[in-house]
Amino acid sequence: MKRILVTGATSGIGRATALKLAAPDTEIIITGRRMDRLEALKAEVEAKGAKCMALNFDVRSEAECIEHLTPLGRVDILINNAGLAAGLEHIDRGDSRDWDAMIDTNVKGLLYVTKIISHAMVEAGQGGHIINIGSIAGTEPYENGAVYCASKHAVHAISQAMRADLLSAGIKVGE
């Protein structure tokens, strides 16, 4: 049975990914900050014949990531989807609270989750796959998007470096 972890599964790409991958031979682990949406998605995933576990926490908190993800052990596929775009104004009018939220979610959250899950993959010695959801904004910046574009450029750079770091462990990294 394949174990697949999808972060940010309460809406959009994360939700659609969890549903698309749900099959009788899978265990889908979904994460997010909105428990009501996680519970609804869990029921939909289970209706497709998959096992499902819903973990309600915020990837911006390293302590919460450690608490919820360390007990999982090995995961076959990690889909780092949790992310957000907030406060899309010209840089001179930006709100640093929005910047912090984007960087903490899009960059640091991805790093916290990846560290825990990739460590378990390496320890298991069976390879794995990590998919980081980026954006064209990571390579094609646009007006009012300086910090969002920077955070998605970081996802691109992190993904490239991860490939080199995890290659010898047989872990593939895509974005």
# chains A, B, ... in the order shown; residues from 1 in each chain; ligands from 1

call {"tool": "select_by_dssp", "arguments": {"residues": "range 3-170 of chain A", "states": "alpha helix (DSSP H)", "output": "PyMOL selection string"}}
result
chain A and resi 12-21+35-47+62-69+96-103+110-124+146-166

call {"tool": "residues_around", "arguments": {"residues": "range 89-104 of chain A", "least_positions_apart": "5", "cutoff": "9 Å", "atoms": "only C-alpha atoms", "output": "number ranges by chain"}}
result
A: 59-61, 83-84, 109-110, 143-148, 150-151

call {"tool": "atom_distance", "arguments": {"atom1": "CA of Ile4 in chain A", "atom2": "CA of Ile29 in chain A"}}
result
6.0 Å

call {"tool": "residues_around", "arguments": {"residues": "Thr17 in chain A", "least_positions_apart": "4", "cutoff": "12 Å", "atoms": "only C-alpha atoms", "output": "list of chain:residue names"}}
result
A:Ile4, A:Leu5, A:Val6, A:Thr7, A:Gly8, A:Ala9, A:Thr10, A:Ser11, A:Gly12, A:Ile13, A:Leu21, A:Ala22, A:Ala23, A:Ile28, A:Ile29, A:Ile30, A:Leu41, A:Val45, A:Leu78, A:Ile79, A:Asn80, A:Asn81, A:Ala82, A:Ile131, A:Ile133

call {"tool": "write_last_selection", "arguments": {"atoms": "N, CA and C atoms", "output": "CSV table (one decimal), in the first residue's frame"}}
result
chain,number,residue,atom,x,y,z
A,4,ILE,N,0.7,8.3,0.9
A,4,ILE,CA,0.9,9.6,0.2
A,4,ILE,C,0.5,10.7,1.2
A,5,LEU,N,1.4,11.6,1.4
A,5,LEU,CA,1.1,12.8,2.3
A,5,LEU,C,0.9,14.0,1.4
A,6,VAL,N,-0.3,14.7,1.6
A,6,VAL,CA,-0.6,15.9,0.8
A,6,VAL,C,-0.8,17.0,1.8
A,7,THR,N,0.1,18.0,1.8
A,7,THR,CA,-0.1,19.2,2.7
A,7,THR,C,-1.0,20.2,2.0
A,8,GLY,N,-1.7,21.0,2.8
A,8,GLY,CA,-2.6,22.0,2.3
A,8,GLY,C,-3.7,21.4,1.5
A,9,ALA,N,-4.3,20.3,2.1
A,9,ALA,CA,-5.3,19.6,1.3
A,9,ALA,C,-6.8,20.1,1.5
A,10,THR,N,-7.0,21.2,2.2
A,10,THR,CA,-8.3,21.6,2.4
A,10,THR,C,-9.0,22.4,1.3
A,11,SER,N,-8.2,22.7,0.2
A,11,SER,CA,-8.8,23.4,-0.9
A,11,SER,C,-7.9,23.3,-2.1
A,12,GLY,N,-8.4,23.7,-3.3
A,12,GLY,CA,-7.6,23.9,-4.5
A,12,GLY,C,-6.9,22.6,-4.9
A,13,ILE,N,-5.6,22.8,-5.2
A,13,ILE,CA,-4.7,21.8,-5.8
A,13,ILE,C,-4.6,20.6,-4.8
A,21,LEU,N,-5.6,10.9,-6.3
A,21,LEU,CA,-4.7,9.8,-5.9
A,21,LEU,C,-5.4,8.7,-5.1
A,22,ALA,N,-6.6,9.0,-4.6
A,22,ALA,CA,-7.3,8.0,-3.8
A,22,ALA,C,-7.7,6.8,-4.6
A,23,ALA,N,-7.2,5.7,-4.1
A,23,ALA,CA,-7.5,4.4,-4.7
A,23,ALA,C,-7.4,3.3,-3.6
A,28,ILE,N,-4.0,7.8,2.0
A,28,ILE,CA,-3.8,9.3,1.8
A,28,ILE,C,-3.8,10.0,3.2
A,29,ILE,N,-2.7,10.7,3.4
A,29,ILE,CA,-2.6,11.5,4.7
A,29,ILE,C,-2.8,12.9,4.2
A,30,ILE,N,-3.8,13.5,4.7
A,30,ILE,CA,-4.2,14.9,4.4
A,30,ILE,C,-3.9,15.8,5.5
A,41,LEU,N,-13.2,16.0,3.3
A,41,LEU,CA,-12.3,15.4,2.3
A,41,LEU,C,-12.0,14.0,2.7
A,45,VAL,N,-12.4,10.8,0.2
A,45,VAL,CA,-11.2,9.9,-0.1
A,45,VAL,C,-11.6,8.5,0.3
A,78,LEU,N,5.5,12.4,-0.9
A,78,LEU,CA,5.2,13.7,-0.2
A,78,LEU,C,4.8,14.7,-1.3
A,79,ILE,N,3.7,15.3,-1.1
A,79,ILE,CA,3.3,16.4,-2.0
A,79,ILE,C,3.2,17.6,-1.2
A,80,ASN,N,4.2,18.5,-1.3
A,80,ASN,CA,4.3,19.7,-0.5
A,80,ASN,C,3.4,20.8,-1.3
A,81,ASN,N,2.2,20.9,-0.9
A,81,ASN,CA,1.2,21.8,-1.6
A,81,ASN,C,0.9,23.0,-0.7
A,82,ALA,N,1.0,22.9,0.6
A,82,ALA,CA,0.6,24.0,1.4
A,82,ALA,C,1.2,25.3,1.0
A,131,ILE,N,7.2,15.9,-4.2
A,131,ILE,CA,6.8,16.8,-5.2
A,131,ILE,C,6.5,18.1,-4.5
A,133,ILE,N,5.0,21.8,-4.9
A,133,ILE,CA,4.1,22.6,-5.8
A,133,ILE,C,4.6,24.0,-5.8

call {"tool": "closest_residue", "arguments": {"among": "A:Met121, A:Gly127, A:Asn132, A:Tyr142", "to": "Gly14 in chain A", "atoms": "only C-alpha atoms"}}
result
A:Asn132

call {"tool": "atom_distance", "arguments": {"atom1": "CA of Ile77 in chain A", "atom2": "CA of Pro141 in chain A"}}
result
29.4 Å

call {"tool": "residues_around", "arguments": {"residues": "Leu166 in chain A", "least_positions_apart": "2", "cutoff": "10 Å", "atoms": "only C-alpha atoms", "output": "ChimeraX atom specification"}}
result
/A:118-119,121-122,127-130,161-164,168-173

call {"tool": "residues_around", "arguments": {"residues": "Thr70 in chain A", "least_positions_apart": "5", "cutoff": "8 Å", "atoms": "only C-alpha atoms", "output": "NGL selection string"}}
result
:A and (65 or 116-117)

call {"tool": "select_by_dssp", "arguments": {"residues": "range 23-165 of chain A", "states": "strand (DSSP E or B)", "output": "list in words"}}
result
Thr26, Glu27, Ile28, Ile29, Ile30, Thr31, Gly32, Lys51, Cys52, Met53, Ala54, Leu55, Asn56, Ile77, Leu78, Ile79, Asn80, Gly128, His129, Ile130, Ile131 and Asn132 of chain A
